[in-house]
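Asker: I'd like to ask you about the structure that follows.
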Amino acid sequence: MVLLKEFKKALLTSLWFVFLTFPIVVIKVDPIERTVFWRWQNAFYMAVGTFSIYLLVKFYQHRKENQPKSSDAGENKLPISSLIHRILLNPVQRNIFIGIVAAISIVFPHIFSTYQTNVMTTALMYVVLGLGLNIVVGLAGLLDLGFVAFYAVGAYTYSLLNLHFGLGFWTVLPIGGLLAATFGILLGFPVLRLRGDYLAIVTLGFGEIIRLILENWGKFSKGPSGISNIPRPGFFGMHFNLEQSVLYTYYLMIILVIVTIFIVNRLQDSRLGRAWIALREDEIACQAMGIDKRKTKLVAFSLGAFWAGIVGVMFAAKTTFINPASFTFLESAIILSIVVLGGMGSIVGVVFGALILILLPEYLRALSEYRMLAFGAILVCMMIFRPQGLISNIRRTYKFEKKSPPPVR
Amino acid sequence: MKQPILNVTNLTMDFGGIRALDSVDLDVNSGEIVALIGPNGAGKTTFFNCITGIYQPTGGDILLSLPNKSKKVSLKGLKPNKVTERGLARTFQNIRLFPKMTVLENVMIGRHCRTKAFIFGAIFRTAATRREEESILETSYAILEKVGLAEHANEFADNLSYGAQRRLEIARALATEPLLLLLDEPAAGMNPQETLDLDHLIKQISQEGQAILLIEHDMQLVMSLSDRIFVMDYGKKIAQGTPAEIRANPAVIKAYLGEEVDA
Amino acid sequence: MDYFIELFFSGLTRGSIYALIALGYTMVYGIIGLINFAHGEIYMIGAFTAFIVATVLSVYGFPLVSIVIISGLAAVVWASSYGYTIEKIAYKPLRHAPRLSPLISAIGMSIFLQNYVLLAQTSDFLPFPTLFPDLEFMEPIAHIIGTTDVIILVTTIVVMVLLTLIIKFTKIGKAMRATAQDRTMATLVGINVNNVISATFIVGSGLAAIGGMLVAAHIGQINFYIGFLAGIKAFTAAVLGGIGSIPGAVLGSFVLGLTESFATGYVSSDYEDVFAFSLLVLILIFKPSGLLGRASNEKV
Ligand SMILES: Nc1ncnc2c1ncn2[C@@H]1O[C@H](COP(=O)(O)OP(=O)(O)O)[C@@H](O)[C@H]1O
Ligand SMILES: [Mg+2]
């Protein structure tokens, strides 16, 4: 009986979607040739697709309702999430896990082609970008939609300083990061007292302003045609051929990822990290507990920007060519998707998120066309079905001996 | 002899056309429990919001006497975090914990303004930082034991029962080492047993020398705890005195009866 | 002087379009406190539907008047359906979620819809059929105001008047105002808040679709990405006027339209979009309550 009702609803829903998508999905016009194509098969696919998705969602909701609530975290865990949690909470398993990951990272470029290594390097850059944005969005709860601006600052810092003053990669790497962090502070000062949704829009505006300036101020940035022949990273004046250079960049990124994870992990477990999370949870209570809201937010904002700047320098050095088109709002949205998919505030989650979102479309060529479509869908679906992300953050717990407080981890 | 801690004079707060506080005077001495009572909408919570810097009052002054110093500092115009740093800590009428942090972490947040570690200390985990973290943990755990929540230390705050959440708010405020503790309806929504426990807890904290300013509707609790009582109605202070005096005050009876007739 | 008047009218035209879109932002914000980031895409889908229907009809040789009417109706019907469906899918489940969740969902929806149109149609700019030929009696003033501008202005005014009447006098309009003022109270007095929210999305989307069709016909081309910039600018207008306020949205739109028109006419057109974005940033920072909005402070 219930089943029949759901079935009927599914049918109605799919009919509604056939109607809804009809003009855009079925009809295609060529206004120049003045011809009309009727793609009726698409209506059929749409009907079948919506029907199945509807039933799937209902099934999922049904199962979720009938599941007994687990008490400790109050959330249902994905198998992958609980597996990772188990591994990370057990020191032996954790060390084995880290060892395996390290071994794979080291041999990866020797097993796979230069092209694959390059793709992996890109994915690693997104890992660091994701970890940077994770400080801002995941920990401090500040929705920054203009994150890409800081990435652009880093990339242009390297390109321009190299172009005009011949400064090398290693000199500019810290400069790019610090300059981006400074930008973060400058932009942060006025905007951080805004409410969350306004902050999001203002940062989006800032991101677009920076891109538009780069596009229009040709004298400064060479405009839309961009800057080319940016040198790849060097190593004490040694000269690499292309293949070696790819290898070298890959290992640099691995090191950067390790350093970033180390630092973000320590920050998260510190007094500052707790203040960020408290700020995310309740701003007013947080202030009433003696936390300086402005300062705490600014630090999060500028630290996030710092990593974006660093990756920006890496990006310019890796691709040897940059132009404003690499720094659109969509880029910010991709990084946001990584954080949201992986799990806001969760380091392991963000790493997984970046690898999935960047590598999957790369290897499943058929998917790459649907990449941005999927990113959009991911943002919506994660918010509705799994706001804590694939691998939710592990809250740190403390053990106490009764009555004798000295705590151990 | 009792030292004055808080001196509020002529505190006034306007919201657009509405005057929520009208020249309210109030003072608290060290070691005292002072109650602030009045019908709903009288302006009690607004009074807390004004003295803790969450709202900027339209007029009046808020003076805090620091221990062992003759000079008083004004809290007016300070940001909420500065007020807490100076020594006022509060709980909220509508519980405002950090729901997705553990019970222990909620209390550890209270230690924030008494500790220093920053980016450098966090990243390099210097000896000083480690010592500080340890002391934060110890103090926070001790406070949890005091309010009877130690066994829940590693649970998420939003998994606690209502009464336990209220006690956690008190613990979090205590962690800031306040000169004066402000409690906004701590017994609201509690069952009789929880209220009784709360009564003991507040007495215990008070015996340790903690000055407390308490907003509460539960008259039994107020009468049992308070040294002095201030009564507000429609934004004005209408009476002040010992519990016995307040019980006999016609203006107070009228304010409360008026409310009952309304309801 | 003619140049000034020309700029003035072109500013009014811009302002009208912004107003049609901004109303959707402001109405939704007024009722559920959400920045409906996907609203620009509704506008784009409205324009695209009008484009497809109009082209089909013109290929099959329908007379111009019927093309205008049918494609306009189609744009409104479909855009409203999208608005309604999007609310049900992406926002309704998040009504009690933390404030940023629906916003992230809206951003996802916006990206999804852009790419949905891109994949189902094309990424190229497509020529929009001529819907409004230059009228003969407009000839003498054609150098300061074109036929399309007049049509846009008149349509906007008619639509605004209709909207005002709906909100002032119909049952659903009154329910909208009540819900915007206090949702809990509205529920208590028996208003079905779900219906009100749906109606808000339907009306807002319909207005955006009209705007989309008019702009596309005016500019003469269309693309899957037009919603982003138009959406941001209309949002700027809504914030400028005071988000949540309907007269504010209209006022803000005309102020933005006129300023843009004069700035590009007298100063430079290179930085047209930088100007709009800077305005957005400045208002949000210095006067987030806008021209007609009320400043609110959170009750603690
Ligand atoms: N942020 C605010 N904006 C407008 N009016 C407020 C605000 N906060 C409190 N008020 C008004 O101030 C008056 C006193 O409220 P409150 O202090 O909460 O009373 P109490 O805590 O005594 O019950 C009420 O009329 C309330 O509506
Ligand atoms: Mg109150």
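Identifiers in this document derive from the order of the structure tokens: chains are assigned A, B, ..., residues are numbered from 1 separately in each chain, and ligands are numbered from 1 in order of occurrence.
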Tell me, which residues of region 27-136 of chain A carry DSSP strand (DSSP E), written as a PDB file with N, CA and C atoms, in the first residue's frame?

Answerer:
ATOM      1  N   ILE A  27      14.170  20.374 -26.692  1.00  0.00           N
ATOM      2  CA  ILE A  27      14.261  21.193 -27.905  1.00  0.00           C
ATOM      3  C   ILE A  27      15.665  21.735 -28.066  1.00  0.00           C
ATOM      4  N   LYS A  28      16.171  21.690 -29.257  1.00  0.00           N
ATOM      5  CA  LYS A  28      17.399  22.411 -29.544  1.00  0.00           C
ATOM      6  C   LYS A  28      17.208  23.137 -30.860  1.00  0.00           C
ATOM      7  N   VAL A  29      17.482  24.438 -30.848  1.00  0.00           N
ATOM      8  CA  VAL A  29      17.246  25.211 -32.067  1.00  0.00           C
ATOM      9  C   VAL A  29      18.568  25.706 -32.608  1.00  0.00           C
ATOM     10  N   ASP A  30      18.605  25.849 -33.894  1.00  0.00           N
ATOM     11  CA  ASP A  30      19.740  26.507 -34.510  1.00  0.00           C
ATOM     12  C   ASP A  30      19.216  27.780 -35.154  1.00  0.00           C
ATOM     13  N   THR A  35      16.700  25.813 -37.915  1.00  0.00           N
ATOM     14  CA  THR A  35      16.209  24.444 -37.812  1.00  0.00           C
ATOM     15  C   THR A  35      15.896  24.139 -36.336  1.00  0.00           C
ATOM     16  N   VAL A  36      15.005  23.176 -36.115  1.00  0.00           N
ATOM     17  CA  VAL A  36      14.627  22.766 -34.766  1.00  0.00           C
ATOM     18  C   VAL A  36      14.844  21.270 -34.633  1.00  0.00           C
ATOM     19  N   PHE A  37      15.565  20.873 -33.586  1.00  0.00           N
ATOM     20  CA  PHE A  37      15.731  19.438 -33.309  1.00  0.00           C
ATOM     21  C   PHE A  37      14.872  19.075 -32.117  1.00  0.00           C
ATOM     22  N   TRP A  38      14.128  18.003 -32.251  1.00  0.00           N
ATOM     23  CA  TRP A  38      13.337  17.516 -31.119  1.00  0.00           C
ATOM     24  C   TRP A  38      14.029  16.279 -30.581  1.00  0.00           C
TER      25      TRP A  38
END

Asker: Please, which residues in chain C fall within 8 Å of chain A when counting only C-alpha atoms, and what is the closest atom pair and distance in Å to one decimal for each, ordered by chain then residue number, as JSON lines?

Answerer:
{"residue": "C:Ile35", "atom": "CA", "partner": "A:Asp197", "partner_atom": "CA", "distance": 7.4}
{"residue": "C:Phe48", "atom": "CA", "partner": "A:Ile24", "partner_atom": "CA", "distance": 7.7}
{"residue": "C:Thr49", "atom": "CA", "partner": "A:Pro23", "partner_atom": "CA", "distance": 6.2}
{"residue": "C:Ile52", "atom": "CA", "partner": "A:Val29", "partner_atom": "CA", "distance": 6.5}
{"residue": "C:Val53", "atom": "CA", "partner": "A:Pro23", "partner_atom": "CA", "distance": 7.5}
{"residue": "C:Thr55", "atom": "CA", "partner": "A:Pro31", "partner_atom": "CA", "distance": 6.4}
{"residue": "C:Val56", "atom": "CA", "partner": "A:Val36", "partner_atom": "CA", "distance": 6.4}
{"residue": "C:Val59", "atom": "CA", "partner": "A:Arg34", "partner_atom": "CA", "distance": 5.9}
{"residue": "C:Trp78", "atom": "CA", "partner": "A:Leu20", "partner_atom": "CA", "distance": 6.6}
{"residue": "C:Ser81", "atom": "CA", "partner": "A:Leu20", "partner_atom": "CA", "distance": 6.7}
{"residue": "C:Tyr82", "atom": "CA", "partner": "A:Leu20", "partner_atom": "CA", "distance": 6.9}
{"residue": "C:Ala90", "atom": "CA", "partner": "A:Val380", "partner_atom": "CA", "distance": 6.3}
{"residue": "C:Pro93", "atom": "CA", "partner": "A:Ile384", "partner_atom": "CA", "distance": 6.5}
{"residue": "C:Leu94", "atom": "CA", "partner": "A:Ile384", "partner_atom": "CA", "distance": 6.6}
{"residue": "C:Arg99", "atom": "CA", "partner": "A:Asp197", "partner_atom": "CA", "distance": 7.8}
{"residue": "C:Leu100", "atom": "CA", "partner": "A:Asp197", "partner_atom": "CA", "distance": 6.7}
{"residue": "C:Ser101", "atom": "CA", "partner": "A:Met383", "partner_atom": "CA", "distance": 5.9}
{"residue": "C:Pro102", "atom": "CA", "partner": "A:Met383", "partner_atom": "CA", "distance": 7.5}
{"residue": "C:Leu103", "atom": "CA", "partner": "A:Asp197", "partner_atom": "CA", "distance": 7.3}
{"residue": "C:Ile104", "atom": "CA", "partner": "A:Leu379", "partner_atom": "CA", "distance": 6.5}
{"residue": "C:Ser105", "atom": "CA", "partner": "A:Val380", "partner_atom": "CA", "distance": 4.3}
{"residue": "C:Ala106", "atom": "CA", "partner": "A:Val380", "partner_atom": "CA", "distance": 7.2}
{"residue": "C:Ile107", "atom": "CA", "partner": "A:Gly376", "partner_atom": "CA", "distance": 7.4}
{"residue": "C:Gly108", "atom": "CA", "partner": "A:Gly376", "partner_atom": "CA", "distance": 3.9}
{"residue": "C:Met109", "atom": "CA", "partner": "A:Gly376", "partner_atom": "CA", "distance": 5.8}
{"residue": "C:Ser110", "atom": "CA", "partner": "A:Gly376", "partner_atom": "CA", "distance": 7.1}
{"residue": "C:Ile111", "atom": "CA", "partner": "A:Gly376", "partner_atom": "CA", "distance": 4.9}
{"residue": "C:Phe112", "atom": "CA", "partner": "A:Gly376", "partner_atom": "CA", "distance": 4.4}
{"residue": "C:Leu113", "atom": "CA", "partner": "A:Leu373", "partner_atom": "CA", "distance": 7.7}
{"residue": "C:Gln114", "atom": "CA", "partner": "A:Leu373", "partner_atom": "CA", "distance": 8.0}
{"residue": "C:Asn115", "atom": "CA", "partner": "A:Leu373", "partner_atom": "CA", "distance": 5.3}
{"residue": "C:Tyr116", "atom": "CA", "partner": "A:Leu373", "partner_atom": "CA", "distance": 6.5}
{"residue": "C:Val117", "atom": "CA", "partner": "A:Ile24", "partner_atom": "CA", "distance": 6.8}
{"residue": "C:Leu119", "atom": "CA", "partner": "A:Tyr370", "partner_atom": "CA", "distance": 7.9}
{"residue": "C:Ala120", "atom": "CA", "partner": "A:Val25", "partner_atom": "CA", "distance": 5.3}
{"residue": "C:Gln121", "atom": "CA", "partner": "A:Lys28", "partner_atom": "CA", "distance": 6.7}
{"residue": "C:Leu126", "atom": "CA", "partner": "A:Pro31", "partner_atom": "CA", "distance": 7.3}
{"residue": "C:Pro127", "atom": "CA", "partner": "A:Pro31", "partner_atom": "CA", "distance": 6.7}
{"residue": "C:Phe128", "atom": "CA", "partner": "A:Pro31", "partner_atom": "CA", "distance": 7.8}
{"residue": "C:Pro129", "atom": "CA", "partner": "A:Pro31", "partner_atom": "CA", "distance": 7.7}
{"residue": "C:Asp270", "atom": "CA", "partner": "A:Asn216", "partner_atom": "CA", "distance": 6.9}
{"residue": "C:Tyr271", "atom": "CA", "partner": "A:Asn216", "partner_atom": "CA", "distance": 7.4}
{"residue": "C:Asp273", "atom": "CA", "partner": "A:Leu212", "partner_atom": "CA", "distance": 7.7}
{"residue": "C:Val274", "atom": "CA", "partner": "A:Ile209", "partner_atom": "CA", "distance": 5.5}
{"residue": "C:Phe277", "atom": "CA", "partner": "A:Gly205", "partner_atom": "CA", "distance": 5.4}
{"residue": "C:Ser278", "atom": "CA", "partner": "A:Ile209", "partner_atom": "CA", "distance": 7.2}
{"residue": "C:Leu280", "atom": "CA", "partner": "A:Gly205", "partner_atom": "CA", "distance": 7.1}
{"residue": "C:Val281", "atom": "CA", "partner": "A:Val202", "partner_atom": "CA", "distance": 5.2}
{"residue": "C:Leu284", "atom": "CA", "partner": "A:Tyr198", "partner_atom": "CA", "distance": 6.8}
{"residue": "C:Ile285", "atom": "CA", "partner": "A:Val191", "partner_atom": "CA", "distance": 6.1}

Asker: Please, which residues have at least one atom within 10 Å of an atom of ligand 1, using only C-alpha atoms and all ligand atoms, listed as a VMD selection string?

Answerer: (chain B and resid 13 to 21 36 to 50 54 to 55 93 184 to 185 215 to 217 232 to 235) or (chain C and resid 296 to 300)

Asker: Any idea which chain A residues end up within 7 Å of chain B if we count only C-alpha atoms, as number ranges by chain please?

Answerer: A: 72, 263, 266-267, 270-272, 274-275, 278, 281-282, 285, 287-292, 397-398, 405-406

Asker: Report the residues of region 194-247 of chain C whose backbone DSSP state falls under alpha helix (DSSP H), written as a PyMOL selection string.

Answerer: chain C and resi 194-219+226-241+246-247

Asker: Leaving out region 46-53 of chain A and any residue of its chain fewer than 6 positions from it, which residues lie within 7 Å of it when counting only C-alpha atoms, given as a list in words?

Answerer: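 Non-adjacent residues within range: Ala10, Leu11, Ser14, Leu15 and Val18 of chain A.
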
Asker: When you count only C-alpha atoms, which of these residues is closest to chain B: C:Gly33, C:Pro98, C:Pro63, C:Gly46?

Answerer: C:Pro98

Asker: So which residues touch region 204-218 of chain C within 9 Å, counting only C-alpha atoms, skipping near sequence neighbours fewer than 2 positions away, as JSON, numbers by chain?

Answerer: {"C": [14, 16, 17, 18, 19, 20, 21, 22, 23, 24, 25, 26, 27, 28, 39, 40, 42, 43, 44, 45, 46, 47, 48, 49, 50, 51, 71, 72, 73, 75, 76, 77, 78, 79, 80, 81, 82, 83, 84, 127, 128, 129, 130, 131, 132, 148, 149, 151, 152, 155, 156, 159, 199, 200, 201, 202, 220, 221, 222, 227]}
